[in-house]
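Just below is one structure, and these are the notes that go with it.
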Amino acid sequence: MAGTDRRKAYAADHVDKGAPAVVLVRTQLGENIGAAARAMLNCGLADLRLVQPRDGWPNVKALGAASGADAVLSSTRVYGTVEEAVADLNVVHATTARPRELLKPELAPRESVAAMREAAQGGARLGLLFGPEKAGLKNEELVLADAIVRIPLNPAFASLNLAQAVLIMAYEWRLASGPLEDIEEPPPPTGSARPATKEEILHFFEHLEGALDERSFYPTPEMRPKMVQNMRTMFERISLTRQDVQTLRGVVRALTGEPPRRGPPPGSAD
């Protein structure tokens, strides 16, 4: 559908800087990346992150499907893992259509946006996670999310194209945001009470799990992945702050006899 107002300033100047980053994981088709970029810029989102795109990046097929959303594609970043892609974010919601056993909040798109906007008021940086076209996200990737988003569709035919799913989430964010001209850039998160970044939380997980490995906590090697997944899900439900993470890491050090750390923990912005 046509409708771009050529009288407006360059598209990169008309984006919502507080909007969620869109993280596409192991996307198979360049056309879907381009169509997702187009959907994002339609709604004022511009931070596109790719994790292991199947056909590499840049991808000429994405350019055509983007229909001029060059402001998004030119700044797209590529990562080797989901952990790296969300490391600087505080709140991440993941979309999935398949039933999961993870004990996480399940939200409709509008509920997801409302929760993220509330988090953004406290300075949180946000992300939306989308899995590959065929299989979706793995459980170990969903564990990184604070909530799971389910789009209420016909249960007999709930399959969406990747770009359609991105458009639904981006539109809900746009709808809740008001005119782009009226949106103020959110303040950067500061202080120990700010939400912990995913990088800080992952460093805590690695610290805790390493200590448990050394003390033979897991009954069998086969049981370890599921127990790790359950523990990570439990801590992710708490909405940890930076101070929480520092305290928890201090607890682990005290219990294992490690010397106290001096200076900021790994992953800290300080």
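Ordering of the structure tokens sets the chain letters (A, B, ...); residue numbers start at 1 within each chain; ligands are numbered from 1 in the order shown.
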Exercise for review: Within 9 Å of Phe205 in chain A, counting only C-alpha atoms, which residues show up once you throw out same-chain ones fewer than 6 positions away? Write them as a list in words, please.
Suggested key: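 Skipping anything fewer than 6 positions along the chain leaves Val228, Met231 and Arg232 of chain A.
Look at range 135-139 of chain A: the protein and nucleic acid residues within 9 Å of it, using only C-alpha atoms and passing over chain neighbours fewer than 3 places away, are A:Val25, A:Ala94, A:Thr95, A:Thr96, A:Ala97, A:Arg98, A:Arg100, A:Glu101, A:Leu102, A:Leu129, A:Phe130, A:Gly131, A:Pro132, A:Leu142, A:Val143, A:Gln229.
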Practice item. Taking the DSSP assignment computed from this structure's backbone, write out as JSON, numbers by chain all residues of range 30-269 of chain A that belong to alpha helix (DSSP H). Key: {"A": [30, 31, 32, 33, 34, 35, 36, 37, 38, 39, 40, 41, 42, 60, 61, 62, 63, 64, 65, 66, 70, 71, 72, 73, 82, 83, 84, 85, 109, 110, 111, 112, 113, 114, 115, 116, 117, 118, 119, 120, 121, 139, 140, 141, 142, 162, 163, 164, 165, 166, 167, 168, 169, 170, 171, 172, 173, 174, 175, 176, 177, 198, 199, 200, 201, 202, 203, 204, 205, 206, 207, 208, 209, 210, 211, 212, 213, 214, 224, 225, 226, 227, 228, 229, 230, 231, 232, 233, 234, 235, 236, 242, 243, 244, 245, 246, 247, 248, 249, 250, 251, 252, 253, 254, 255, 256]}
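Every residue of range 110-152 of chain A with a DSSP assignment of strand (DSSP E), taken from the backbone, is listed as A:Leu126, A:Gly127, A:Leu128, A:Leu129, A:Phe130, A:Ala147, A:Ile148, A:Val149.
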Exercise for review: Point out the residue among A:Leu202, A:Val15, A:Leu240, A:Leu128 with the least atom-to-atom distance to Val92 in chain A, counting only C-alpha atoms.
Suggested key: A:Leu128
Exercise for review: To one decimal in Å, tell me the separation between CA of Glu258 in chain A and CA of Leu212 in chain A.
Suggested key: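 Interatomic distance, CA of Glu258 in chain A to CA of Leu212 in chain A: 13.6 Å.
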Practice item. Could you check which of A:Ala36, A:Ala163, A:Ala145, A:Leu48 is closest to Ile201 in chain A, using only C-alpha atoms? Key: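 Nearest candidate to Ile201 in chain A out of A:Ala36, A:Ala163, A:Ala145, A:Leu48: A:Ala145.
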